[in-house]
Structure formats: C-alpha cells, structure tokens
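work-v8.cif (mmCIF, C-alpha atoms (C1' of nucleotides) and all ligand atoms) appears below.
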data_run
#
loop_
_atom_site.label_atom_id
_atom_site.label_comp_id
_atom_site.auth_asym_id
_atom_site.auth_seq_id
_atom_site.Cartn_x
_atom_site.Cartn_y
_atom_site.Cartn_z
CA MET A 441 -126.65 190.15 -36.23
CA HIS A 442 -127.88 188.55 -33.07
CA PHE A 443 -127.26 185.89 -30.42
CA SER A 444 -128.32 182.33 -31.05
CA LYS A 445 -131.45 181.14 -29.26
CA THR A 446 -129.30 178.95 -27.07
CA THR A 447 -127.26 181.95 -25.97
CA GLU A 448 -130.37 183.97 -25.25
CA TYR A 449 -131.75 181.14 -23.15
CA ALA A 450 -128.52 180.70 -21.23
CA ILE A 451 -128.24 184.37 -20.34
CA ARG A 452 -131.84 184.56 -19.23
CA VAL A 453 -131.66 181.41 -17.13
CA LEU A 454 -128.44 182.38 -15.40
CA ALA A 455 -129.75 185.85 -14.74
CA TYR A 456 -132.88 184.33 -13.25
CA LEU A 457 -130.87 182.02 -11.02
CA HIS A 458 -128.98 185.04 -9.74
CA ARG A 459 -132.01 187.20 -9.26
CA HIS A 460 -133.66 184.49 -7.17
CA ASP A 461 -130.62 183.07 -5.50
CA GLU A 462 -132.17 182.54 -2.08
CA THR A 463 -132.94 179.00 -3.20
CA SER A 464 -132.40 176.54 -6.06
CA HIS A 465 -134.84 176.05 -8.92
CA SER A 466 -135.90 173.01 -10.90
CA VAL A 467 -135.81 172.96 -14.68
CA ASN A 468 -139.57 172.81 -14.57
CA VAL A 469 -139.76 176.11 -12.69
CA LEU A 470 -137.33 177.79 -15.05
CA HIS A 471 -139.34 176.43 -17.96
CA GLN A 472 -142.52 177.95 -16.62
CA GLU A 473 -141.14 181.22 -15.32
CA LEU A 474 -139.11 182.05 -18.41
CA ASP A 475 -141.35 180.29 -20.94
CA LEU A 476 -138.55 178.24 -22.49
CA PRO A 477 -138.96 174.76 -24.03
CA TYR A 478 -138.61 172.26 -21.20
CA LYS A 479 -136.66 169.50 -22.88
CA TYR A 480 -134.34 171.90 -24.61
CA LEU A 481 -133.65 173.50 -21.27
CA THR A 482 -132.70 170.24 -19.59
CA LYS A 483 -130.03 169.71 -22.22
CA LEU A 484 -128.78 173.24 -21.94
CA MET A 485 -128.60 173.10 -18.15
CA THR A 486 -126.74 169.79 -18.20
CA GLU A 487 -124.24 171.53 -20.45
CA LEU A 488 -123.90 174.53 -18.15
CA VAL A 489 -123.35 172.17 -15.22
CA LYS A 490 -120.55 170.43 -17.09
CA LYS A 491 -118.99 173.77 -17.88
CA GLY A 492 -118.99 174.66 -14.20
CA LEU A 493 -121.37 177.61 -14.30
CA VAL A 494 -124.22 175.89 -12.52
CA ASN A 495 -124.60 173.47 -9.61
CA ALA A 496 -127.22 170.74 -9.92
CA SER A 497 -128.58 168.62 -7.11
CA ARG A 498 -130.82 165.74 -7.96
CA GLY A 499 -133.76 164.15 -6.29
CA ARG A 500 -136.66 165.60 -4.44
CA GLU A 501 -135.95 169.13 -3.31
CA GLY A 502 -133.13 169.24 -5.82
CA GLY A 503 -132.59 171.93 -8.40
CA LEU A 504 -130.17 174.33 -10.01
CA SER A 505 -128.19 177.24 -8.69
CA LEU A 506 -125.20 179.31 -9.71
CA ALA A 507 -121.87 177.60 -9.13
CA ARG A 508 -119.86 180.80 -8.91
CA ASP A 509 -120.32 184.26 -7.52
CA ALA A 510 -122.46 186.27 -9.90
CA HIS A 511 -119.78 188.96 -9.87
CA GLU A 512 -117.44 186.50 -11.52
CA ILE A 513 -119.67 185.28 -14.34
CA TYR A 514 -119.33 187.51 -17.37
CA LEU A 515 -121.31 187.36 -20.57
CA CYS A 516 -118.23 186.17 -22.42
CA ASP A 517 -117.98 183.23 -19.99
CA ILE A 518 -121.50 182.24 -20.93
CA LEU A 519 -120.80 182.51 -24.65
CA GLU A 520 -117.69 180.45 -24.18
CA ALA A 521 -119.55 177.74 -22.27
CA ILE A 522 -121.91 177.46 -25.21
CA GLY A 523 -119.22 177.54 -27.86
CA GLU A 524 -120.17 180.86 -29.38
CA SER A 525 -117.23 182.52 -27.71
CA MET A 526 -114.90 183.75 -30.37
CA GLU A 527 -117.65 184.46 -32.86
CA HIS A 528 -117.09 188.14 -32.32
CA GLU A 529 -113.51 187.76 -33.42
CA ARG A 530 -114.52 186.49 -36.81
CA CYS A 531 -114.17 188.89 -39.68
CA ILE A 532 -117.53 190.48 -40.33
CA LEU A 533 -117.21 189.69 -44.03
CA GLY A 534 -116.44 186.04 -43.36
CA PHE A 535 -112.70 185.90 -43.86
CA GLU A 536 -110.73 183.54 -41.68
CA LYS A 537 -108.11 185.92 -40.47
CA CYS A 538 -109.28 189.09 -38.87
CA ASP A 539 -106.13 191.06 -39.44
CA ALA A 540 -105.98 194.82 -39.17
CA SER A 541 -102.87 194.86 -41.36
CA ASN A 542 -104.78 193.11 -44.14
CA PRO A 543 -108.26 194.43 -43.53
CA CYS A 544 -111.50 193.62 -45.29
CA ALA A 545 -113.58 196.29 -46.98
CA LEU A 546 -115.75 196.85 -43.93
CA HIS A 547 -112.86 197.21 -41.52
CA ASP A 548 -113.03 200.94 -40.77
CA GLN A 549 -116.77 200.89 -40.26
CA TRP A 550 -116.78 197.76 -38.14
CA VAL A 551 -113.96 198.48 -35.71
CA LYS A 552 -115.92 200.69 -33.33
CA PRO A 553 -119.10 198.62 -33.02
CA LYS A 554 -116.94 195.57 -32.57
CA GLU A 555 -115.04 197.19 -29.76
CA LEU A 556 -118.20 198.16 -27.93
CA ILE A 557 -119.64 194.69 -28.25
CA GLU A 558 -116.45 193.21 -26.92
CA THR A 559 -116.43 195.61 -24.02
CA MET A 560 -120.01 194.73 -23.25
CA LEU A 561 -119.26 191.01 -23.27
CA THR A 562 -116.15 191.21 -21.14
CA THR A 563 -117.30 193.73 -18.54
CA THR A 564 -120.92 192.75 -17.99
CA SER A 565 -121.33 190.29 -15.13
CA LEU A 566 -124.54 188.62 -14.08
CA ALA A 567 -124.47 190.75 -10.96
CA SER A 568 -124.19 194.04 -12.86
CA LEU A 569 -126.97 192.85 -15.11
CA LEU A 570 -129.48 192.94 -12.31
CA GLN A 571 -128.82 196.30 -10.70
CA ASN A 572 -132.28 197.19 -11.79
CA ARG A 573 -134.59 194.42 -10.68
CA GLU A 574 -137.47 195.70 -12.74
CA THR A 575 -136.17 194.49 -16.07
CA LYS A 576 -137.60 191.66 -18.12
CA LEU A 577 -136.14 188.17 -18.12
CA MET B 81 -123.34 187.76 -33.27
CA HIS B 82 -122.64 187.97 -36.96
CA PHE B 83 -124.14 188.41 -40.42
CA SER B 84 -125.59 185.44 -42.26
CA LYS B 85 -123.50 183.98 -45.05
CA THR B 86 -125.99 185.33 -47.55
CA THR B 87 -125.53 188.83 -46.21
CA GLU B 88 -121.76 188.53 -46.32
CA TYR B 89 -121.96 187.35 -49.90
CA ALA B 90 -124.31 190.14 -50.94
CA ILE B 91 -122.12 192.86 -49.47
CA ARG B 92 -118.99 191.47 -51.05
CA VAL B 93 -120.57 191.04 -54.47
CA LEU B 94 -122.10 194.49 -54.53
CA ALA B 95 -118.85 196.03 -53.36
CA TYR B 96 -117.04 194.18 -56.12
CA LEU B 97 -119.50 195.39 -58.74
CA HIS B 98 -118.88 198.92 -57.57
CA ARG B 99 -115.13 198.59 -57.40
CA HIS B 100 -115.06 197.32 -60.97
CA ASP B 101 -117.91 199.31 -62.41
CA GLU B 102 -116.30 200.06 -65.75
CA THR B 103 -118.08 196.98 -67.09
CA SER B 104 -120.59 194.29 -66.15
CA HIS B 105 -119.63 190.91 -64.74
CA SER B 106 -121.05 187.43 -65.16
CA VAL B 107 -121.96 185.28 -62.19
CA ASN B 108 -119.12 183.01 -63.22
CA VAL B 109 -116.60 185.82 -62.87
CA LEU B 110 -117.95 186.84 -59.48
CA HIS B 111 -117.86 183.21 -58.45
CA GLN B 112 -114.20 182.93 -59.35
CA GLU B 113 -113.03 186.33 -58.19
CA LEU B 114 -114.74 186.20 -54.81
CA ASP B 115 -114.61 182.44 -54.34
CA LEU B 116 -118.32 182.06 -53.65
CA PRO B 117 -120.44 178.99 -54.50
CA TYR B 118 -121.60 179.44 -58.09
CA LYS B 119 -125.12 178.09 -57.91
CA TYR B 120 -125.83 179.81 -54.65
CA LEU B 121 -124.70 183.06 -56.20
CA THR B 122 -127.04 182.77 -59.17
CA LYS B 123 -129.95 182.52 -56.79
CA LEU B 124 -128.74 185.42 -54.70
CA MET B 125 -128.14 187.64 -57.73
CA THR B 126 -131.58 186.88 -59.17
CA GLU B 127 -132.95 188.04 -55.86
CA LEU B 128 -130.90 191.24 -55.87
CA VAL B 129 -132.12 191.96 -59.39
CA LYS B 130 -135.73 191.57 -58.29
CA LYS B 131 -135.10 193.90 -55.38
CA GLY B 132 -133.77 196.53 -57.75
CA LEU B 133 -130.19 196.70 -56.52
CA VAL B 134 -128.64 195.07 -59.57
CA ASN B 135 -129.19 195.18 -63.33
CA ALA B 136 -128.90 191.93 -65.24
CA SER B 137 -128.55 191.55 -68.98
CA ARG B 138 -128.78 188.08 -70.42
CA GLY B 139 -127.14 186.40 -73.32
CA ARG B 140 -123.64 186.53 -74.59
CA GLU B 141 -121.77 189.57 -73.34
CA GLY B 142 -124.39 189.93 -70.66
CA GLY B 143 -123.73 190.26 -66.99
CA LEU B 144 -124.48 192.11 -63.80
CA SER B 145 -123.95 195.68 -62.70
CA LEU B 146 -125.23 198.02 -60.01
CA ALA B 147 -128.69 199.38 -60.71
CA ARG B 148 -128.26 202.47 -58.56
CA ASP B 149 -125.54 204.94 -57.78
CA ALA B 150 -123.18 203.41 -55.23
CA HIS B 151 -123.62 206.50 -53.09
CA GLU B 152 -127.25 205.59 -52.68
CA ILE B 153 -126.87 201.96 -51.70
CA TYR B 154 -126.46 201.62 -47.94
CA LEU B 155 -125.70 198.51 -45.98
CA CYS B 156 -129.19 198.61 -44.51
CA ASP B 157 -130.62 198.53 -48.04
CA ILE B 158 -128.70 195.35 -48.70
CA LEU B 159 -129.88 193.75 -45.47
CA GLU B 160 -133.42 194.74 -46.31
CA ALA B 161 -133.21 193.23 -49.79
CA ILE B 162 -132.19 189.96 -48.20
CA GLY B 163 -134.79 190.01 -45.46
CA GLU B 164 -132.38 190.46 -42.57
CA SER B 165 -133.30 194.09 -42.33
CA MET B 166 -134.87 194.61 -38.98
CA GLU B 167 -132.84 191.91 -37.31
CA HIS B 168 -130.90 194.58 -35.49
CA GLU B 169 -134.12 195.93 -34.07
CA ARG B 170 -134.91 192.65 -32.42
CA CYS B 171 -134.45 192.53 -28.68
CA ILE B 172 -131.09 191.03 -27.93
CA LEU B 173 -132.66 188.66 -25.43
CA GLY B 174 -135.30 187.49 -27.87
CA PHE B 175 -138.38 189.36 -26.71
CA GLU B 176 -140.86 190.44 -29.30
CA LYS B 177 -141.19 194.03 -28.27
CA CYS B 178 -138.03 196.05 -27.98
CA ASP B 179 -139.39 198.73 -25.73
CA ALA B 180 -137.16 201.04 -23.73
CA SER B 181 -140.00 201.69 -21.32
CA ASN B 182 -140.23 197.97 -20.56
CA PRO B 183 -136.63 196.96 -21.05
CA CYS B 184 -135.01 193.56 -20.83
CA ALA B 185 -132.18 192.82 -18.43
CA LEU B 186 -129.48 193.57 -20.97
CA HIS B 187 -130.98 196.88 -22.04
CA ASP B 188 -128.47 199.28 -20.50
CA GLN B 189 -125.48 197.33 -21.72
CA TRP B 190 -126.84 196.79 -25.21
CA VAL B 191 -128.05 200.28 -26.07
CA LYS B 192 -124.69 201.72 -27.07
CA PRO B 193 -123.38 198.86 -29.21
CA LYS B 194 -126.76 198.70 -30.87
CA GLU B 195 -126.64 202.38 -31.71
CA LEU B 196 -123.23 202.09 -33.27
CA ILE B 197 -124.27 199.12 -35.36
CA GLU B 198 -127.33 200.96 -36.53
CA THR B 199 -125.27 203.99 -37.43
CA MET B 200 -122.88 201.83 -39.34
CA LEU B 201 -125.68 200.18 -41.30
CA THR B 202 -127.50 203.39 -42.13
CA THR B 203 -124.54 205.60 -42.99
CA THR B 204 -122.20 203.23 -44.81
CA SER B 205 -122.74 203.28 -48.57
CA LEU B 206 -121.05 201.05 -51.10
CA ALA B 207 -119.16 204.09 -52.29
CA SER B 208 -117.81 204.98 -48.86
CA LEU B 209 -116.86 201.36 -48.40
CA LEU B 210 -114.28 201.54 -51.10
CA GLN B 211 -112.44 204.72 -50.28
CA ASN B 212 -109.46 202.53 -49.66
CA ARG B 213 -109.10 200.26 -52.66
CA GLU B 214 -106.57 198.07 -50.96
CA THR B 215 -109.03 196.23 -48.75
CA LYS B 216 -110.06 192.61 -49.12
CA LEU B 217 -113.25 191.55 -50.83
"C1'" DA C 1236 -138.83 150.60 1.70
"C1'" DT C 1237 -141.58 153.50 -1.18
"C1'" DA C 1238 -143.18 157.19 -3.77
"C1'" DA C 1239 -142.30 161.56 -5.44
"C1'" DT C 1240 -139.38 164.69 -7.63
"C1'" DA C 1241 -135.27 165.78 -9.62
"C1'" DT C 1242 -131.36 165.68 -13.19
"C1'" DA C 1243 -128.88 162.85 -16.98
"C1'" DC C 1244 -128.80 160.45 -21.21
"C1'" DT C 1245 -129.96 158.74 -25.90
"C1'" DA C 1246 -132.29 159.11 -29.96
"C1'" DC C 1247 -135.06 161.25 -33.04
"C1'" DA C 1248 -137.85 165.13 -35.58
"C1'" DA C 1249 -138.70 169.63 -37.41
"C1'" DA C 1250 -137.11 173.96 -39.32
"C1'" DA C 1251 -133.94 177.02 -41.29
"C1'" DG C 1252 -129.67 178.04 -43.61
"C1'" DA C 1253 -126.42 176.87 -47.10
"C1'" DG C 1254 -125.21 174.58 -51.18
"C1'" DT C 1255 -125.95 171.54 -55.59
"C1'" DA C 1256 -127.93 169.84 -60.08
"C1'" DG C 1257 -130.21 170.23 -64.21
"C1'" DT C 1258 -132.72 172.73 -67.48
"C1'" DA C 1259 -135.12 176.60 -69.73
"C1'" DA C 1260 -134.96 181.12 -71.65
"C1'" DT C 1261 -132.51 185.04 -73.64
"C1'" DT C 1262 -129.29 187.47 -76.65
"C1'" DA C 1263 -124.82 189.10 -79.00
"C1'" DT C 1264 -121.98 187.64 -82.46
"C1'" DA C 1265 -119.95 184.76 -85.86
"C1'" DT D 1343 -129.48 180.92 -88.58
"C1'" DA D 1344 -126.55 178.53 -85.43
"C1'" DT D 1345 -123.82 178.83 -81.50
"C1'" DA D 1346 -121.95 180.15 -77.32
"C1'" DA D 1347 -122.52 182.67 -73.25
"C1'" DT D 1348 -125.34 184.28 -70.07
"C1'" DT D 1349 -129.32 184.86 -66.48
"C1'" DA D 1350 -133.76 182.59 -64.62
"C1'" DC D 1351 -136.20 178.86 -62.66
"C1'" DT D 1352 -137.39 174.49 -60.18
"C1'" DA D 1353 -136.30 170.99 -57.30
"C1'" DC D 1354 -133.49 168.62 -54.52
"C1'" DT D 1355 -129.63 167.65 -50.80
"C1'" DC D 1356 -126.69 168.61 -46.88
"C1'" DT D 1357 -125.75 170.78 -42.48
"C1'" DT D 1358 -126.76 173.25 -38.35
"C1'" DT D 1359 -129.90 174.80 -35.07
"C1'" DT D 1360 -133.80 174.15 -32.45
"C1'" DG D 1361 -137.13 171.31 -30.32
"C1'" DT D 1362 -139.45 166.68 -28.77
"C1'" DA D 1363 -139.95 161.92 -26.69
"C1'" DG D 1364 -138.84 158.36 -23.72
"C1'" DT D 1365 -136.13 156.30 -20.32
"C1'" DA D 1366 -132.56 155.76 -16.79
"C1'" DT D 1367 -130.68 157.25 -12.57
"C1'" DA D 1368 -130.15 159.78 -8.27
"C1'" DT D 1369 -131.99 161.86 -3.94
"C1'" DT D 1370 -135.03 162.80 -0.24
"C1'" DA D 1371 -139.38 163.18 2.50
"C1'" DT D 1372 -142.51 160.26 4.36
S1 LIG E 1 -113.33 194.49 -40.70
FE1 LIG E 1 -111.10 194.05 -40.72
S2 LIG E 1 -110.54 193.89 -38.57
FE2 LIG E 1 -112.81 193.84 -38.67
S3 LIG E 1 -113.30 191.69 -38.80
FE3 LIG E 1 -113.13 192.30 -40.93
S4 LIG E 1 -110.94 191.96 -41.46
FE4 LIG E 1 -111.09 191.84 -39.25
S1 LIG E 2 -131.95 195.51 -24.43
FE1 LIG E 2 -133.89 196.61 -24.15
S2 LIG E 2 -133.98 198.09 -25.81
FE2 LIG E 2 -132.31 196.62 -26.30
S3 LIG E 2 -133.30 195.08 -27.51
FE3 LIG E 2 -133.50 194.30 -25.44
S4 LIG E 2 -135.48 195.17 -24.69
FE4 LIG E 2 -134.97 196.26 -26.55
#
Target encoding structure tokens, full file:
Amino acid sequence: MHFSKTTEYAIRVLAYLHRHDETSHSVNVLHQELDLPYKYLTKLMTELVKKGLVNASRGREGGLSLARDAHEIYLCDILEAIGESMEHERCILGFEKCDASNPCALHDQWVKPKELIETMLTTTSLASLLQNRETKL
Amino acid sequence: MHFSKTTEYAIRVLAYLHRHDETSHSVNVLHQELDLPYKYLTKLMTELVKKGLVNASRGREGGLSLARDAHEIYLCDILEAIGESMEHERCILGFEKCDASNPCALHDQWVKPKELIETMLTTTSLASLLQNRETKL
DNA sequence: ATAATATACTACAAAAGAGTAGTAATTATA
DNA sequence: TATAATTACTACTCTTTTGTAGTATATTAT
C-alpha cells in the first residue's frame, strides 16, 4: 500500500526542481541534495526527459529543469510517465476488471479511499505541493 | 499503490473460509475455488496457522478453518500476520519518520486518504466483508 | 583546441517478491 | 495395518524492482 521507490524519487526530484527553479541542476546536485542513488537517478531523469516532463541540457553548465509549468504537472502525470499510472484502477483484490456491477468482496469498503486517492493524484500539481516551503523533500 | 499479491491472497482465502464456514477446506480446494497457485498457498496457509488466524488439521478429512470468530479478524490483523502491517504508516515519500510536525511535501494532500485507508483496515472485519454474499472472491 | 562538466547508453548485479518441486509427517478410514 | 488424503518443511527457480559500473557523447568556459 505505497508508491514504488521510483515514483517516490520522481516526485521528490520534480518537486525539488520546481522549488529551486531559478536555475537548472545537475544529476549530481540532485543526488546530493535529495540523497538518492546517483546512477539510478541518471536513468530516471533520462526517462523523465523522454516523457517530456524535464528539460536536459548537456555539457558544462548544463543540467535539468522542468519542461512545463509546475501548475500543469499533476501527480498522475508523474505516475503515468513512470508507468504506474493506472495502478489505482486495478481491483484491490487483484481481479482484472474493476467493475462496480460485479464487485469484489472489498468493494464497499474500498470505494471511498480509492476516490480520495484518485482525487489527490488528479488535483495535486507540483505547484500546489510547494505552497509551504518548509516541508521535507 | 496496491496490496502485495500475498496480501490479496490472504484476504481472499480468509474471506472464503468464513463464507463457507460450515466445514473445513483443504489447500487443494482453496487452490481450485480461488484459482491461486497451489504451492504458494500451502506456504501462505502454514504461515497463517502459525500466526493464529487459521486452524489446520492434518490427515484425511483434514483441512483449514478460521481459528477466531470472523467478527474479530480485521484487515489490519491480516496485514500484520503477513508483515505488511505498518506499511500504511510509512511516509508516502519514503522518509523514515512520519512526523506531522516535520512533514514531507505531500503531507497535506496525503493525510485524508491515509486516514480513510487506516479506518478501512481497522474497522473492516471478515464478517462485515461478507454482508453481501454476491461479491467476488 | 582543450579540459571540464554534463547527460545518454549499455550491461550487469543485488535484493525482494512470486511461484515451483519434491518429500516428510500426520491422521481418518477402509 | 495399509492406504489415501492432507498439512509441514526445505530448497530451488523465475520475475520484477532497485541499484551499480563503465563508457560514449555533447556542450561550454577558458
Ligand atoms: S472493490 Fe470493486 S470497484 Fe473496487 S477495485 Fe475491487 S472490484 Fe473494483
Ligand atoms: S505526508 Fe507527512 S504525515 Fe504523511 S507520511 Fe509523509 S511525512 Fe508522514
């Protein structure tokens, strides 16, 4: 009942890029600031670049920055870029079809939490995430 | 953002045992009825027996049945028996300490879904799960 | 040009989760 | 007692996720 490590990393990195968006940041800086495994990060960032969430510029003075306005990057976009997107549509008991007309035993209990999670994912943008600049990343 | 397979299996098996509690059931029956991998199930059931959720009787005519009243087996008990218990207490961004006084960036957005999930886990018993006998297992 | 500093790519390794195989031990019943 | 049906145990395999290593390639300040 949690995000994958990769998802955690992605959210934290993107939030960091937004919080310090006056300039771009190298993978090495992100690695140090957020204490994430360096090599793993390079792969992840390459992926996020491909998916159009991040801009990368190479060479000396290069680095990474957000490709889109932080108001237009929602948590669900991040999950989708990583491939964990429709996880939350899966039936909580593992059935293929998540069908309210043929519900699983946990249906009634799961509907509300599921709704809230979905709301959180679809309405939380990177920008809204950082209203309070005192929070941990 | 989901349960582990093992957790799914455990919930479904225990729910089945409750739904058909007039008798005990062999692993083979559970395997066929719920379409779960046989050998994997034997391991899981042995574990649930050790944890005191299930009674096992060996030999011919043996089988498995709930060890406690279904009204007293909550989802959180099942998670705990499997070792996924406090997963939902973990910080959603992966930090060790989940401390509201030193919150992570997702804190405000995560609090409500988290609460609902916790409520679901602590208040849903096997018995309440099967009010409606028409649901999938 | 050159050196420094970046990202990009390929391949592999380690760890955890999920699943399989074979056998031993137990027990009701014929 | 012999047999069949059952759980219990040990060890292995497969797959996915997570993490590491080394190298190639691009860019820019000097
Ligand atoms: S509880 Fe019902 S609606 Fe919810 S995921 Fe399972 S089958 Fe789908
Ligand atoms: S969001 Fe805040 S309270 Fe929730 S898990 Fe993360 S640190 Fe803990």
Return as an MDAnalysis selection string the residues belonging to chain A that are within 10 Å of chain C, counting all atoms listed in the file. chainID A and resid 466:468 482:483 485:486 496:504
Using the file's own x, y and z axes, what box holds all listed atoms of ligand LIG 2 (chain E) with 8 Å on each side, keeping edges along x, y and z, and what are its centre and edge lengths in Å to one decimal, as AutoDock Vina command-line options?
--center_x -133.7 --center_y 196.2 --center_z -25.8 --size_x 19.5 --size_y 19.8 --size_z 19.4
Interface residues on chain A facing chain B, 6 Å, only C-alpha atoms, written as a PDB file with C-alpha atoms, in the frame of the given file:
ATOM      1  CA  MET A 441    -126.650 190.150 -36.230  1.00  0.00           C
ATOM      2  CA  HIS A 442    -127.880 188.550 -33.070  1.00  0.00           C
ATOM      3  CA  PHE A 443    -127.260 185.890 -30.420  1.00  0.00           C
ATOM      4  CA  GLU A 448    -130.370 183.970 -25.250  1.00  0.00           C
ATOM      5  CA  LEU A 533    -117.210 189.690 -44.030  1.00  0.00           C
ATOM      6  CA  PRO A 543    -108.260 194.430 -43.530  1.00  0.00           C
ATOM      7  CA  CYS A 544    -111.500 193.620 -45.290  1.00  0.00           C
ATOM      8  CA  ALA A 545    -113.580 196.290 -46.980  1.00  0.00           C
ATOM      9  CA  PRO A 553    -119.100 198.620 -33.020  1.00  0.00           C
ATOM     10  CA  LEU A 556    -118.200 198.160 -27.930  1.00  0.00           C
ATOM     11  CA  ILE A 557    -119.640 194.690 -28.250  1.00  0.00           C
ATOM     12  CA  THR A 575    -136.170 194.490 -16.070  1.00  0.00           C
ATOM     13  CA  LYS A 576    -137.600 191.660 -18.120  1.00  0.00           C
TER      14      LYS A 576
END
Can you work out the spacing between atom C1' of DC1354 of chain D and atom CA of Tyr118 of chain B in Å, to one decimal?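 Atom C1' of DC1354 of chain D sits 16.5 Å away from atom CA of Tyr118 of chain B.
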Long-range neighbours of segment 488-492 of chain A as an mmCIF file with C-alpha atoms, in the coordinates of the input, 7 Å cut-off, all atoms listed in the file, 4 positions minimum in chain:
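File written: result11.cif
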data_model
loop_
_atom_site.group_PDB
_atom_site.id
_atom_site.type_symbol
_atom_site.label_atom_id
_atom_site.label_comp_id
_atom_site.auth_asym_id
_atom_site.auth_seq_id
_atom_site.Cartn_x
_atom_site.Cartn_y
_atom_site.Cartn_z
ATOM 1 C CA LEU A 484 -128.780 173.240 -21.940
ATOM 2 C CA ALA A 496 -127.220 170.740 -9.920
ATOM 3 C CA ALA A 507 -121.870 177.600 -9.130
ATOM 4 C CA ALA A 521 -119.550 177.740 -22.270
#
Restricting the calculation to all atoms listed in the file: of A:Lys537, A:Arg459, A:His511, A:His471, which residue gets closest to ligand LIG 1 (chain E)? A:Lys537
So, with only C-alpha atoms (C1' of nucleotides) as the atoms that count, which of A:Thr463, A:Pro477, A:His458, A:Gly523 lies closest to chain D?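 Under the stated criterion, the closest residue is A:Pro477.
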Please identify all residues of chain D having at least one atom at most 10 Å from any atom of chain A, considering all atoms listed in the file, and return them as a ChimeraX atom specification. /D:1359-1363,1367-1371
Quick one, how far is atom S2 of ligand LIG 2 (chain E) from atom CA of Val551 of chain A? 22.3 Å
Have a look at atom CA of Val134 of chain B and atom CA of Arg148 of chain B and let me know their distance in Å, one decimal.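 So the two atoms, atom CA of Val134 of chain B and atom CA of Arg148 of chain B, lie 7.5 Å apart.
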Looking at only C-alpha atoms, which of B:Ser104, B:Ser145, B:Gln112, B:Thr202 is the one that sits closest to Leu159 of chain B?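 Smallest separation from Leu159 of chain B among the options: B:Thr202.
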May I have the protein, DNA and RNA residues with any atom at most 6 Å from the point (-124.1, 204.5, -54.1), counting all atoms listed in the file, written as a list in words?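 The residues that fall inside the cut-off are Asp149, Ala150, His151, Glu152, Ile153, Ser205, Leu206 and Ala207 of chain B.
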